[in-house]
Amino acid sequence: MGDGMVDRVVDDDPLGDAGAVRPYTVLSCCTSLDGYISSASGGRLTLSNAADLDRVDAVRARCDAILVGAGTIRADNPRLLVRDTGRAARRTADGAAATPVKVTVTAAARLTADADFFRTGLDKLVYCRSTAVHRARRLLGEHASVVDAGDPVRMGWVSRDLLQRGIRRLMVEGGGQIHTQFLADNLVDEMHLVMAPVFVGDARARRFVGDGRFPYRSPRRARLVGSRAIGDVVLMRYALSDRFDPDVFDPALAELTGVDTAGVDTAGIDTAGSDTVALRAARTEAALIDGVTSP
Ligand SMILES: NC(=O)c1ccc[n+]([C@@H]2O[C@H](COP(=O)([O-])OP(=O)(O)OC[C@H]3O[C@@H](n4cnc5c(N)ncnc54)[C@H](OP(=O)(O)O)[C@@H]3O)[C@@H](O)[C@H]2O)c1
């Protein structure tokens, strides 16, 4: 991997954000009703449904890179690919790689090359704390580019470095430590938060975020720009920065129903859309997307 990566990002960037210092960043997560993202053992928990996983795939397909923490790689062994062949084909037709660059962050380099993160897909980047870079290169160097990200590793630095590598749209997919840092450091432009109709009820499980000084603390409220039912889960879309641009992911969200998301009721539940989503869920049931929010 090298400079070629820069040439193969998604090209139709509507942002026109020449002065940007980091990629346009979407944080995507599915939680239980009580705010957890894993089981008590820390293992993968199936929260989302097929239609929502297909939506995640559509969002992935519009990004240049997907970032998860090393903890998620260890717990979930995600592949983090664009699974829908039509979406992958559209990316290549647009001059991008078929599937986004995969990015992870680690302090201790407790990762192995047999993880699906490294075994599948195309370019991979490992942002590593300086003290473990030697170990990371030894373990992973044949499968990924290991970046010395300093000590400590700051997500702002990682974001800026990603932009310099040509990553203009970044999707952050967990887990809890990574969410916490991206949100607390105000590095997220929009958030897609899905709530699944189950409880975990065990404080040993991972929460969506840990403790932190988040920019959106009462009385400062995040801006809800859309919500909808997707089968039995609810998607809430928040604008978290002045850079929020609905056009970046509207096309991905519109794939849910074939209608523009501008028609979605932001105060309640779009039951008409849900019916269509349920039909799509049935069609996609057999093609579950791999990844952190899926089995
Ligand atoms: N429901 C969902 O949408 C969803 C999505 C993703 C994940 N999950 C769940 O979330 C859980 C994992 O979350 P998690 O909080 O334990 O782990 P995580 O956020 O995925 O990763 C944490 C790890 O990332 C590395 N890291 C994080 N910040 C760092 C920094 N500033 N500098 C260097 N390294 C850093 C460290 O790796 P090292 O330990 O290697 O140093 C750390 O242990 C799993 O149970 C998974 O199933 C759920």
# chains A, B, ... in the order shown; residues from 1 in each chain; ligands from 1

call {"tool": "residues_near_ligand", "arguments": {"ligand": "ligand 1", "cutoff": "6 Å", "atoms": "only C-alpha atoms and all ligand atoms", "output": "short mmCIF file (atom, residue, chain, number, x, y, z; two decimals) with N, CA and C atoms, in the first residue's frame"}}
result
data_model
loop_
_atom_site.label_atom_id
_atom_site.label_comp_id
_atom_site.auth_asym_id
_atom_site.auth_seq_id
_atom_site.Cartn_x
_atom_site.Cartn_y
_atom_site.Cartn_z
N CYS A 29 -23.55 3.58 15.08
CA CYS A 29 -23.58 2.64 16.20
C CYS A 29 -24.99 2.13 16.44
N CYS A 30 -25.09 0.91 16.91
CA CYS A 30 -26.39 0.35 17.31
C CYS A 30 -26.31 -0.03 18.79
N THR A 31 -27.27 0.46 19.57
CA THR A 31 -27.25 0.19 21.01
C THR A 31 -28.53 -0.53 21.44
N ILE A 37 -23.59 -1.82 23.96
CA ILE A 37 -23.24 -2.22 22.59
C ILE A 37 -22.61 -3.61 22.55
N SER A 38 -22.53 -4.26 23.70
CA SER A 38 -21.99 -5.62 23.71
C SER A 38 -22.71 -6.42 24.77
N GLY A 42 -18.52 -9.05 26.86
CA GLY A 42 -17.78 -8.20 25.93
C GLY A 42 -17.85 -8.73 24.51
N GLY A 43 -18.51 -9.86 24.34
CA GLY A 43 -18.60 -10.47 23.00
C GLY A 43 -19.63 -9.80 22.14
N ARG A 44 -19.64 -10.20 20.88
CA ARG A 44 -20.57 -9.63 19.91
C ARG A 44 -22.01 -9.89 20.31
N VAL A 68 -12.26 1.19 13.27
CA VAL A 68 -12.69 0.56 14.52
C VAL A 68 -11.49 0.45 15.44
N GLY A 69 -11.76 0.34 16.74
CA GLY A 69 -10.68 0.12 17.70
C GLY A 69 -10.21 -1.32 17.68
N ALA A 70 -9.02 -1.54 18.21
CA ALA A 70 -8.48 -2.90 18.26
C ALA A 70 -9.37 -3.81 19.10
N GLY A 71 -10.05 -3.24 20.09
CA GLY A 71 -10.93 -4.05 20.94
C GLY A 71 -12.06 -4.66 20.13
N THR A 72 -12.57 -3.94 19.16
CA THR A 72 -13.64 -4.46 18.31
C THR A 72 -13.12 -5.56 17.40
N ALA A 75 -12.92 -8.55 19.68
CA ALA A 75 -14.21 -9.07 20.18
C ALA A 75 -15.09 -9.61 19.06
N ASP A 76 -15.10 -8.92 17.92
CA ASP A 76 -16.10 -9.24 16.89
C ASP A 76 -15.52 -9.89 15.63
N VAL A 105 -6.82 1.35 15.52
CA VAL A 105 -5.96 2.07 16.46
C VAL A 105 -5.59 1.12 17.58
N THR A 106 -4.33 1.11 17.96
CA THR A 106 -3.90 0.24 19.04
C THR A 106 -2.76 0.88 19.83
N ALA A 107 -2.75 0.60 21.12
CA ALA A 107 -1.63 1.06 21.95
C ALA A 107 -0.63 -0.06 22.16
N ALA A 108 -1.12 -1.28 22.28
CA ALA A 108 -0.26 -2.41 22.65
C ALA A 108 0.01 -3.37 21.50
N ALA A 109 -0.67 -3.17 20.37
CA ALA A 109 -0.50 -4.05 19.20
C ALA A 109 -0.84 -5.50 19.55
N ARG A 110 -1.86 -5.68 20.36
CA ARG A 110 -2.30 -7.05 20.66
C ARG A 110 -3.27 -7.50 19.57
N ARG A 129 0.55 3.26 18.92
CA ARG A 129 1.35 4.06 19.85
C ARG A 129 2.83 3.75 19.60
N PRO A 152 0.69 9.93 23.73
CA PRO A 152 -0.42 9.03 23.40
C PRO A 152 -0.94 9.28 21.99
N VAL A 153 -1.76 8.34 21.53
CA VAL A 153 -2.41 8.49 20.22
C VAL A 153 -3.67 9.32 20.41
N ARG A 154 -3.77 10.39 19.63
CA ARG A 154 -4.96 11.26 19.69
C ARG A 154 -5.77 11.08 18.41
N GLU A 173 -16.89 3.07 13.39
CA GLU A 173 -17.86 2.00 13.71
C GLU A 173 -17.56 1.34 15.05
N GLY A 174 -16.95 2.03 15.98
CA GLY A 174 -16.82 1.46 17.32
C GLY A 174 -15.42 1.06 17.67
N GLY A 175 -15.28 0.49 18.88
CA GLY A 175 -16.33 0.31 19.86
C GLY A 175 -16.40 1.48 20.84
N GLY A 176 -16.70 1.18 22.08
CA GLY A 176 -17.00 2.21 23.06
C GLY A 176 -15.86 3.19 23.30
N GLN A 177 -14.65 2.71 23.41
CA GLN A 177 -13.52 3.62 23.66
C GLN A 177 -13.33 4.57 22.48
N ILE A 178 -13.49 4.03 21.30
CA ILE A 178 -13.30 4.86 20.10
C ILE A 178 -14.42 5.88 19.98
N ARG A 206 -20.21 -3.41 27.53
CA ARG A 206 -19.70 -2.12 27.01
C ARG A 206 -20.85 -1.17 26.73
N VAL A 292 -19.20 -4.92 12.57
CA VAL A 292 -19.32 -4.78 14.01
C VAL A 292 -20.76 -4.76 14.48
N THR A 293 -21.69 -4.40 13.62
CA THR A 293 -23.06 -4.36 14.08
C THR A 293 -23.85 -5.56 13.56
#

call {"tool": "atom_distance", "arguments": {"atom1": "atom CA of A:Ala20", "atom2": "atom CA of A:Arg221"}}
result
24.2 Å

call {"tool": "select_by_dssp", "arguments": {"residues": "stretch 101-132 of chain A", "states": "alpha helix (DSSP H)", "output": "ChimeraX atom specification"}}
result
/A:116-119

call {"tool": "write_last_selection", "arguments": {"atoms": "C-alpha atoms", "output": "PDB file, in the first residue's frame"}}
result
ATOM      1  CA  ASP A 116     -10.654 -11.031   9.254  1.00  0.00           C
ATOM      2  CA  PHE A 117      -9.886  -7.314   9.412  1.00  0.00           C
ATOM      3  CA  PHE A 118      -6.444  -8.111   7.980  1.00  0.00           C
ATOM      4  CA  ARG A 119      -7.329 -11.167   5.890  1.00  0.00           C
TER       5      ARG A 119
END

call {"tool": "residues_around", "arguments": {"residues": "A:Arg22", "least_positions_apart": "3", "cutoff": "7 Å", "atoms": "only C-alpha atoms", "output": "JSON, numbers by chain"}}
result
{"A": [159, 160, 163]}

call {"tool": "residues_around", "arguments": {"residues": "A:Arg90", "least_positions_apart": "3", "cutoff": "12 Å", "atoms": "only C-alpha atoms", "output": "short mmCIF file (atom, residue, chain, number, x, y, z; two decimals) with C-alpha atoms, in the first residue's frame"}}
result
data_model
loop_
_atom_site.label_atom_id
_atom_site.label_comp_id
_atom_site.auth_asym_id
_atom_site.auth_seq_id
_atom_site.Cartn_x
_atom_site.Cartn_y
_atom_site.Cartn_z
CA VAL A 10 -14.58 7.99 -3.49
CA ASP A 11 -14.33 10.78 -5.98
CA ASP A 12 -17.68 12.56 -6.05
CA ALA A 58 -24.91 1.66 1.93
CA ALA A 61 -20.15 2.30 0.35
CA ARG A 62 -20.06 6.10 0.41
CA VAL A 82 -18.95 -3.31 1.30
CA ASP A 84 -23.47 -5.50 -1.82
CA THR A 85 -21.87 -6.24 -5.17
CA GLY A 86 -23.81 -3.46 -6.92
CA ARG A 87 -22.48 -0.89 -4.46
CA ALA A 93 -16.92 2.62 -11.72
CA ASP A 94 -16.37 5.92 -9.89
CA GLY A 95 -12.65 5.20 -9.67
CA ALA A 96 -12.64 4.18 -6.01
CA ALA A 97 -11.55 0.88 -4.48
CA ALA A 98 -14.36 -1.69 -4.26
CA THR A 99 -14.34 -1.43 -0.50
#

call {"tool": "atom_distance", "arguments": {"atom1": "atom CA of A:Leu45", "atom2": "atom CA of A:Phe199"}}
result
11.2 Å

call {"tool": "closest_residue", "arguments": {"among": "A:Ala89, A:Leu183, A:Leu122, A:Ala113", "to": "A:Met155", "atoms": "only C-alpha atoms"}}
result
A:Leu183

call {"tool": "residues_around", "arguments": {"residues": "A:Lys124", "least_positions_apart": "2", "cutoff": "6 Å", "atoms": "only C-alpha atoms", "output": "list of chain:residue names"}}
result
A:Val101, A:Lys102, A:Val103, A:Ala144

call {"tool": "closest_residue", "arguments": {"among": "A:Val59, A:Leu33, A:Leu67, A:Ala184", "to": "A:Val234", "atoms": "only C-alpha atoms"}}
result
A:Leu33

call {"tool": "atom_distance", "arguments": {"atom1": "atom CA of A:Ala205", "atom2": "atom CA of A:Tyr238"}}
result
24.7 Å
